[in-house]
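Colleague: File start_10.pdb below, PDB, C-alpha atoms, pLDDT in the B column:
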MODEL        1
ATOM      1  CA  MET A 810      94.908  83.860  81.904  1.00 61.00           C
ATOM      2  CA  SER A 811      96.076  87.033  80.252  1.00 72.00           C
ATOM      3  CA  ASN A 812      98.798  89.334  81.546  1.00 88.00           C
ATOM      4  CA  ARG A 813      96.341  92.215  81.632  1.00 95.00           C
ATOM      5  CA  LYS A 814      96.106  93.978  84.969  1.00 97.00           C
ATOM      6  CA  ILE A 815      92.951  95.303  86.582  1.00 98.00           C
ATOM      7  CA  LEU A 816      93.099  97.548  89.625  1.00 98.00           C
ATOM      8  CA  ILE A 817      90.199  97.277  92.071  1.00 97.00           C
ATOM      9  CA  ALA A 818      89.945 100.425  94.211  1.00 98.00           C
ATOM     10  CA  ASP A 819      87.390  99.945  96.990  1.00 96.00           C
ATOM     11  CA  ASP A 820      87.513 100.590 100.720  1.00 95.00           C
ATOM     12  CA  GLU A 821      85.437  97.450 101.437  1.00 94.00           C
ATOM     13  CA  PRO A 822      87.738  94.405 101.742  1.00 96.00           C
ATOM     14  CA  ASP A 823      84.790  92.074 101.014  1.00 93.00           C
ATOM     15  CA  ILE A 824      84.070  93.845  97.718  1.00 90.00           C
ATOM     16  CA  ARG A 825      87.752  93.701  96.692  1.00 95.00           C
ATOM     17  CA  LEU A 826      87.850  89.996  97.530  1.00 96.00           C
ATOM     18  CA  MET A 827      84.622  89.247  95.665  1.00 93.00           C
ATOM     19  CA  VAL A 828      85.674  91.151  92.527  1.00 93.00           C
ATOM     20  CA  SER A 829      89.180  89.698  92.716  1.00 96.00           C
ATOM     21  CA  ARG A 830      87.712  86.169  92.800  1.00 94.00           C
ATOM     22  CA  MET A 831      85.486  87.030  89.821  1.00 91.00           C
ATOM     23  CA  LEU A 832      88.411  88.296  87.759  1.00 94.00           C
ATOM     24  CA  CYS A 833      91.505  86.374  88.894  1.00 94.00           C
ATOM     25  CA  LYS A 834      91.026  83.551  86.382  1.00 92.00           C
ATOM     26  CA  GLU A 835      91.349  85.958  83.472  1.00 91.00           C
ATOM     27  CA  TYR A 836      93.346  88.914  84.799  1.00 95.00           C
ATOM     28  CA  VAL A 837      96.140  89.909  87.150  1.00 97.00           C
ATOM     29  CA  VAL A 838      94.233  91.684  89.931  1.00 97.00           C
ATOM     30  CA  LEU A 839      95.706  94.631  91.843  1.00 98.00           C
ATOM     31  CA  GLU A 840      94.005  96.180  94.858  1.00 98.00           C
ATOM     32  CA  ALA A 841      93.789  99.573  96.535  1.00 98.00           C
ATOM     33  CA  ALA A 842      91.866 100.400  99.726  1.00 97.00           C
ATOM     34  CA  ASP A 843      91.388 104.116  99.020  1.00 97.00           C
ATOM     35  CA  GLY A 844      91.746 106.778  96.358  1.00 97.00           C
ATOM     36  CA  GLU A 845      95.284 107.788  97.234  1.00 97.00           C
ATOM     37  CA  GLU A 846      96.497 104.192  97.076  1.00 98.00           C
ATOM     38  CA  ALA A 847      94.641 103.739  93.774  1.00 98.00           C
ATOM     39  CA  VAL A 848      96.440 106.704  92.204  1.00 98.00           C
ATOM     40  CA  ASN A 849      99.812 105.441  93.461  1.00 98.00           C
ATOM     41  CA  VAL A 850      99.224 101.858  92.273  1.00 98.00           C
ATOM     42  CA  ALA A 851      98.082 103.186  88.877  1.00 98.00           C
ATOM     43  CA  ARG A 852     101.293 105.206  88.500  1.00 98.00           C
ATOM     44  CA  VAL A 853     103.577 102.324  89.491  1.00 98.00           C
ATOM     45  CA  GLN A 854     101.782  99.285  88.034  1.00 97.00           C
ATOM     46  CA  LYS A 855     100.101 100.865  84.948  1.00 98.00           C
ATOM     47  CA  PRO A 856      97.017  98.600  85.044  1.00 98.00           C
ATOM     48  CA  ASP A 857      95.039  98.028  81.845  1.00 98.00           C
ATOM     49  CA  LEU A 858      91.812  99.104  83.581  1.00 98.00           C
ATOM     50  CA  ILE A 859      90.703 100.518  86.943  1.00 98.00           C
ATOM     51  CA  LEU A 860      87.467  99.680  88.758  1.00 97.00           C
ATOM     52  CA  MET A 861      87.033 102.688  91.058  1.00 96.00           C
ATOM     53  CA  ASP A 862      84.550 102.865  93.926  1.00 94.00           C
ATOM     54  CA  ILE A 863      83.143 106.371  94.334  1.00 93.00           C
ATOM     55  CA  MET A 864      82.661 106.477  98.101  1.00 91.00           C
ATOM     56  CA  MET A 865      86.036 105.978  99.800  1.00 93.00           C
ATOM     57  CA  PRO A 866      87.653 107.641 102.822  1.00 91.00           C
ATOM     58  CA  GLY A 867      90.252 110.352 102.257  1.00 93.00           C
ATOM     59  CA  ILE A 868      90.497 110.803  98.507  1.00 95.00           C
ATOM     60  CA  ASP A 869      87.188 109.662  96.995  1.00 95.00           C
ATOM     61  CA  GLY A 870      86.788 107.916  93.655  1.00 95.00           C
ATOM     62  CA  TYR A 871      85.975 111.121  91.762  1.00 94.00           C
ATOM     63  CA  SER A 872      89.176 112.829  92.935  1.00 96.00           C
ATOM     64  CA  ALA A 873      91.261 109.709  92.336  1.00 98.00           C
ATOM     65  CA  CYS A 874      89.823 109.328  88.826  1.00 97.00           C
ATOM     66  CA  TYR A 875      90.571 112.973  88.105  1.00 97.00           C
ATOM     67  CA  SER A 876      94.173 112.502  89.319  1.00 98.00           C
ATOM     68  CA  VAL A 877      94.645 109.410  87.137  1.00 98.00           C
ATOM     69  CA  LYS A 878      93.241 111.209  84.083  1.00 97.00           C
ATOM     70  CA  ALA A 879      95.306 114.376  84.752  1.00 97.00           C
ATOM     71  CA  ASP A 880      98.601 112.453  84.850  1.00 97.00           C
ATOM     72  CA  PRO A 881     100.181 111.948  81.394  1.00 98.00           C
ATOM     73  CA  ALA A 882     101.577 108.601  82.573  1.00 97.00           C
ATOM     74  CA  THR A 883      98.138 107.176  83.477  1.00 98.00           C
ATOM     75  CA  LYS A 884      95.589 109.209  81.517  1.00 97.00           C
ATOM     76  CA  SER A 885      95.013 106.492  78.904  1.00 97.00           C
ATOM     77  CA  ILE A 886      93.962 103.887  81.508  1.00 98.00           C
ATOM     78  CA  PRO A 887      90.190 103.302  81.310  1.00 97.00           C
ATOM     79  CA  VAL A 888      88.487 104.042  84.642  1.00 97.00           C
ATOM     80  CA  ILE A 889      85.132 102.425  85.427  1.00 95.00           C
ATOM     81  CA  MET A 890      83.327 104.032  88.354  1.00 92.00           C
ATOM     82  CA  VAL A 891      81.565 101.560  90.651  1.00 89.00           C
ATOM     83  CA  THR A 892      78.915 102.597  93.146  1.00 81.00           C
ATOM     84  CA  ALA A 893      75.961 101.340  95.139  1.00 77.00           C
ATOM     85  CA  ILE A 894      74.124 104.569  94.383  1.00 70.00           C
ATOM     86  CA  GLY A 895      72.919 104.431  90.797  1.00 62.00           C
ATOM     87  CA  HIS A 896      71.907 108.063  90.412  1.00 69.00           C
ATOM     88  CA  GLN A 897      72.189 109.940  87.125  1.00 72.00           C
ATOM     89  CA  LEU A 898      74.085 112.657  88.986  1.00 69.00           C
ATOM     90  CA  ASN A 899      76.809 110.134  89.851  1.00 70.00           C
ATOM     91  CA  GLU A 900      77.054 109.136  86.193  1.00 75.00           C
ATOM     92  CA  LYS A 901      77.302 112.797  85.174  1.00 80.00           C
ATOM     93  CA  LEU A 902      79.971 113.563  87.787  1.00 79.00           C
ATOM     94  CA  SER A 903      81.873 110.416  86.820  1.00 81.00           C
ATOM     95  CA  ALA A 904      81.971 111.568  83.205  1.00 79.00           C
ATOM     96  CA  GLU A 905      83.070 115.056  84.262  1.00 85.00           C
ATOM     97  CA  VAL A 906      86.143 113.726  86.107  1.00 87.00           C
ATOM     98  CA  GLY A 907      87.100 111.627  83.093  1.00 90.00           C
ATOM     99  CA  ALA A 908      85.617 108.217  83.909  1.00 92.00           C
ATOM    100  CA  ASP A 909      85.195 105.963  80.896  1.00 93.00           C
ATOM    101  CA  GLY A 910      82.335 103.869  82.262  1.00 90.00           C
ATOM    102  CA  TYR A 911      79.983 103.277  85.160  1.00 87.00           C
ATOM    103  CA  VAL A 912      78.696 100.169  86.956  1.00 88.00           C
ATOM    104  CA  SER A 913      76.118 100.068  89.764  1.00 86.00           C
ATOM    105  CA  LYS A 914      76.386  97.636  92.692  1.00 82.00           C
ATOM    106  CA  PRO A 915      75.244  94.971  93.015  1.00 84.00           C
ATOM    107  CA  PHE A 916      76.509  93.659  89.695  1.00 85.00           C
ATOM    108  CA  SER A 917      76.805  90.173  88.244  1.00 87.00           C
ATOM    109  CA  LEU A 918      79.994  88.637  86.907  1.00 86.00           C
ATOM    110  CA  GLU A 919      78.475  88.860  83.422  1.00 90.00           C
ATOM    111  CA  GLU A 920      77.787  92.607  83.774  1.00 90.00           C
ATOM    112  CA  LEU A 921      81.291  93.268  85.058  1.00 90.00           C
ATOM    113  CA  LEU A 922      83.007  91.218  82.359  1.00 91.00           C
ATOM    114  CA  GLU A 923      80.872  92.875  79.675  1.00 92.00           C
ATOM    115  CA  VAL A 924      82.022  96.344  80.762  1.00 92.00           C
ATOM    116  CA  ILE A 925      85.656  95.241  81.116  1.00 94.00           C
ATOM    117  CA  ASP A 926      85.624  93.522  77.706  1.00 93.00           C
ATOM    118  CA  LYS A 927      84.245  96.687  76.116  1.00 93.00           C
ATOM    119  CA  PHE A 928      87.379  98.554  77.163  1.00 92.00           C
ATOM    120  CA  LEU A 929      89.980  95.813  76.865  1.00 92.00           C
ATOM    121  CA  GLU A 930      89.064  94.142  73.578  1.00 80.00           C
ATOM    122  CA  GLY A 931      91.594  94.635  70.877  1.00 52.00           C
TER
ENDMDL
END
As structure tokens, please, write out the structure in this file.

Modeller:
Amino acid sequence: MSNRKILIADDEPDIRLMVSRMLCKEYVVLEAADGEEAVNVARVQKPDLILMDIMMPGIDGYSACYSVKADPATKSIPVIMVTAIGHQLNEKLSAEVGADGYVSKPFSLEELLEVIDKFLEG
């Protein structure tokens, strides 16, 4: 297991648990239940990558991603937007708020690891 940290920001506990189980063998997994918590955890823990759900109560994933990318302390952290709605508009908006990648639910472990490896190799 590496010491690399991945933050999972999703308001669905089942999704956080599932993704955490997928990744916990290789990464230290951090969790956030909403956008505000995600921004705070990113500032304090400085994860190596953030998996950010778009649809969350309060501060949504777009706003949280924008906040992470606007903060000099966290702007270099890759943010992968995760959503059940695979529309091109979501991909466009994700890019506009600074997201580095995009994954549609449902996803396989292989798909997720492929995207994560793309940003964490090296």

Colleague: Please expand the PyMOL selection byres ((chain A and resi 911-918) around 7) into the concrete residues it hits in this file, giving the result as a PyMOL selection string.

Modeller: chain A and resi 831+889-895+900+910+919-922

Colleague: Where does the PyMOL selection byres ((chain A and resi 855-865) around 7) land in this file, that is, which residues does it pick, as a list in words?

Modeller: Arg813, Lys814, Ile815, Leu816, Ile817, Ala818, Asp819, Asp820, Asp843, Gly844, Ala851, Arg852, Val853, Gln854, Pro866, Gly867, Ile868, Asp869, Gly870, Tyr871, Thr883, Ile886, Pro887, Val888, Ile889, Met890, Val891 and Thr892 of chain A

Colleague: Between A:Ala841, A:Leu826, A:Ala873, A:Cys833, which has the minimum distance to Ser811 in chain A (counting all atoms listed in the file)?

Modeller: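 Using all atoms listed in the file, the shortest distance to Ser811 in chain A belongs to A:Cys833.
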
Colleague: Given all atoms listed in the file as the basis, pick out the residue of A:Asp823, A:Val850, A:Val906, A:Leu832 nearest to Ser872 in chain A.

Modeller: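 Under the stated criterion, the closest residue is A:Val906.
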
Colleague: Using CA of Pro822 in chain A and CA of Lys834 in chain A as the two end points, give the distance in Å to one decimal.

Modeller: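 Separation of CA of Pro822 in chain A and CA of Lys834 in chain A: 19.1 Å.
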
Colleague: What does the distance between CA of Glu840 in chain A and CA of Pro881 in chain A come to in Å, to one decimal place?

Modeller: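 Those two atoms sit 21.6 Å apart.
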
Colleague: Have a look at CA of Asp880 in chain A and CA of Arg830 in chain A and let me know their distance in Å, one decimal.

Modeller: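 Taking CA of Asp880 in chain A and CA of Arg830 in chain A, their separation equals 29.5 Å.
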
Colleague: Write out as JSON an axis-aligned box for range 884-897 of chain A: all of its atoms listed in the file, 8 Å added on each side, centre and edge lengths in Å with one decimal.

Modeller:
{"center_x": 83.7, "center_y": 105.6, "center_z": 87.0, "size_x": 39.7, "size_y": 24.6, "size_z": 32.2}

Colleague: For Ala847 in chain A, which residue among A:Cys874, A:Phe928, A:Glu821, A:Ser885 is the nearest when counting all atoms listed in the file?

Modeller: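 Ranking A:Cys874, A:Phe928, A:Glu821, A:Ser885 by distance to Ala847 in chain A, first place goes to A:Cys874.
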
Colleague: Find, counting all atoms listed in the file, the residue in A:Asp909, A:Glu835, A:Glu845, A:Ala882 that gets nearest to Val924 in chain A.

Modeller: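 Answer, going by the shortest atom-to-atom distance: A:Asp909.
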
Colleague: What would range 908-919 of chain A look like with all heavy atoms in place, written as a PDB file, in the frame of the given file?

Modeller:
ATOM      1  N   ALA A 908      85.890 109.656  83.882  1.00 92.00           N
ATOM      2  CA  ALA A 908      85.617 108.217  83.909  1.00 92.00           C
ATOM      3  C   ALA A 908      85.158 107.741  82.533  1.00 92.00           C
ATOM      4  O   ALA A 908      84.479 108.463  81.808  1.00 92.00           O
ATOM      5  CB  ALA A 908      84.562 107.891  84.962  1.00 92.00           C
ATOM      6  N   ASP A 909      85.540 106.524  82.199  1.00 93.00           N
ATOM      7  CA  ASP A 909      85.195 105.963  80.896  1.00 93.00           C
ATOM      8  C   ASP A 909      83.919 105.142  80.935  1.00 93.00           C
ATOM      9  O   ASP A 909      83.303 104.889  79.914  1.00 93.00           O
ATOM     10  CB  ASP A 909      86.359 105.077  80.411  1.00 93.00           C
ATOM     11  CG  ASP A 909      87.629 105.889  80.261  1.00 93.00           C
ATOM     12  OD1 ASP A 909      87.767 106.552  79.228  1.00 93.00           O
ATOM     13  OD2 ASP A 909      88.459 105.875  81.190  1.00 93.00           O
ATOM     14  N   GLY A 910      83.527 104.694  82.127  1.00 90.00           N
ATOM     15  CA  GLY A 910      82.335 103.869  82.262  1.00 90.00           C
ATOM     16  C   GLY A 910      81.811 103.910  83.677  1.00 90.00           C
ATOM     17  O   GLY A 910      82.398 104.538  84.558  1.00 90.00           O
ATOM     18  N   TYR A 911      80.703 103.190  83.892  1.00 87.00           N
ATOM     19  CA  TYR A 911      79.983 103.277  85.160  1.00 87.00           C
ATOM     20  C   TYR A 911      79.254 101.964  85.393  1.00 87.00           C
ATOM     21  O   TYR A 911      78.588 101.460  84.492  1.00 87.00           O
ATOM     22  CB  TYR A 911      78.988 104.437  85.032  1.00 87.00           C
ATOM     23  CG  TYR A 911      78.295 104.827  86.305  1.00 87.00           C
ATOM     24  CD1 TYR A 911      78.846 105.785  87.143  1.00 87.00           C
ATOM     25  CD2 TYR A 911      77.085 104.263  86.656  1.00 87.00           C
ATOM     26  CE1 TYR A 911      78.207 106.169  88.300  1.00 87.00           C
ATOM     27  CE2 TYR A 911      76.437 104.629  87.817  1.00 87.00           C
ATOM     28  CZ  TYR A 911      76.996 105.594  88.640  1.00 87.00           C
ATOM     29  OH  TYR A 911      76.364 105.968  89.789  1.00 87.00           O
ATOM     30  N   VAL A 912      79.392 101.403  86.594  1.00 88.00           N
ATOM     31  CA  VAL A 912      78.696 100.169  86.956  1.00 88.00           C
ATOM     32  C   VAL A 912      78.067 100.375  88.330  1.00 88.00           C
ATOM     33  O   VAL A 912      78.715 100.887  89.244  1.00 88.00           O
ATOM     34  CB  VAL A 912      79.667  98.958  87.023  1.00 88.00           C
ATOM     35  CG1 VAL A 912      78.954  97.709  87.494  1.00 88.00           C
ATOM     36  CG2 VAL A 912      80.328  98.708  85.688  1.00 88.00           C
ATOM     37  N   SER A 913      76.799  99.962  88.469  1.00 86.00           N
ATOM     38  CA  SER A 913      76.118 100.068  89.764  1.00 86.00           C
ATOM     39  C   SER A 913      76.210  98.742  90.514  1.00 86.00           C
ATOM     40  O   SER A 913      76.081  97.676  89.912  1.00 86.00           O
ATOM     41  CB  SER A 913      74.641 100.423  89.565  1.00 86.00           C
ATOM     42  OG  SER A 913      74.523 101.715  89.031  1.00 86.00           O
ATOM     43  N   LYS A 914      76.440  98.829  91.834  1.00 82.00           N
ATOM     44  CA  LYS A 914      76.386  97.636  92.692  1.00 82.00           C
ATOM     45  C   LYS A 914      74.923  97.411  93.050  1.00 82.00           C
ATOM     46  O   LYS A 914      74.191  98.378  93.214  1.00 82.00           O
ATOM     47  CB  LYS A 914      77.157  97.873  93.995  1.00 82.00           C
ATOM     48  CG  LYS A 914      78.630  98.095  93.854  1.00 82.00           C
ATOM     49  CD  LYS A 914      79.210  98.426  95.231  1.00 82.00           C
ATOM     50  CE  LYS A 914      80.646  98.863  95.172  1.00 82.00           C
ATOM     51  NZ  LYS A 914      81.136  99.339  96.463  1.00 82.00           N
ATOM     52  N   PRO A 915      74.477  96.201  93.260  1.00 84.00           N
ATOM     53  CA  PRO A 915      75.244  94.971  93.015  1.00 84.00           C
ATOM     54  C   PRO A 915      75.291  94.675  91.521  1.00 84.00           C
ATOM     55  O   PRO A 915      74.398  95.047  90.785  1.00 84.00           O
ATOM     56  CB  PRO A 915      74.435  93.919  93.754  1.00 84.00           C
ATOM     57  CG  PRO A 915      73.034  94.416  93.709  1.00 84.00           C
ATOM     58  CD  PRO A 915      73.136  95.916  93.753  1.00 84.00           C
ATOM     59  N   PHE A 916      76.365  94.011  91.106  1.00 85.00           N
ATOM     60  CA  PHE A 916      76.509  93.659  89.695  1.00 85.00           C
ATOM     61  C   PHE A 916      76.810  92.179  89.602  1.00 85.00           C
ATOM     62  O   PHE A 916      77.302  91.575  90.550  1.00 85.00           O
ATOM     63  CB  PHE A 916      77.615  94.473  89.027  1.00 85.00           C
ATOM     64  CG  PHE A 916      78.875  94.544  89.832  1.00 85.00           C
ATOM     65  CD1 PHE A 916      79.754  93.484  89.895  1.00 85.00           C
ATOM     66  CD2 PHE A 916      79.159  95.690  90.572  1.00 85.00           C
ATOM     67  CE1 PHE A 916      80.905  93.547  90.663  1.00 85.00           C
ATOM     68  CE2 PHE A 916      80.316  95.767  91.343  1.00 85.00           C
ATOM     69  CZ  PHE A 916      81.188  94.684  91.388  1.00 85.00           C
ATOM     70  N   SER A 917      76.501  91.585  88.468  1.00 87.00           N
ATOM     71  CA  SER A 917      76.805  90.173  88.244  1.00 87.00           C
ATOM     72  C   SER A 917      78.168  90.070  87.569  1.00 87.00           C
ATOM     73  O   SER A 917      78.672  91.058  87.022  1.00 87.00           O
ATOM     74  CB  SER A 917      75.739  89.543  87.345  1.00 87.00           C
ATOM     75  OG  SER A 917      75.809  90.112  86.044  1.00 87.00           O
ATOM     76  N   LEU A 918      78.721  88.885  87.585  1.00 86.00           N
ATOM     77  CA  LEU A 918      79.994  88.637  86.907  1.00 86.00           C
ATOM     78  C   LEU A 918      79.851  88.977  85.423  1.00 86.00           C
ATOM     79  O   LEU A 918      80.733  89.598  84.834  1.00 86.00           O
ATOM     80  CB  LEU A 918      80.426  87.172  87.087  1.00 86.00           C
ATOM     81  CG  LEU A 918      81.691  86.747  86.323  1.00 86.00           C
ATOM     82  CD1 LEU A 918      82.884  87.597  86.731  1.00 86.00           C
ATOM     83  CD2 LEU A 918      81.981  85.276  86.547  1.00 86.00           C
ATOM     84  N   GLU A 919      78.704  88.595  84.842  1.00 90.00           N
ATOM     85  CA  GLU A 919      78.475  88.860  83.422  1.00 90.00           C
ATOM     86  C   GLU A 919      78.502  90.357  83.135  1.00 90.00           C
ATOM     87  O   GLU A 919      79.131  90.802  82.170  1.00 90.00           O
ATOM     88  CB  GLU A 919      77.136  88.271  82.966  1.00 90.00           C
ATOM     89  CG  GLU A 919      77.098  86.757  82.943  1.00 90.00           C
ATOM     90  CD  GLU A 919      76.969  86.128  84.333  1.00 90.00           C
ATOM     91  OE1 GLU A 919      76.445  86.792  85.259  1.00 90.00           O
ATOM     92  OE2 GLU A 919      77.413  84.981  84.502  1.00 90.00           O
TER      93      GLU A 919
END
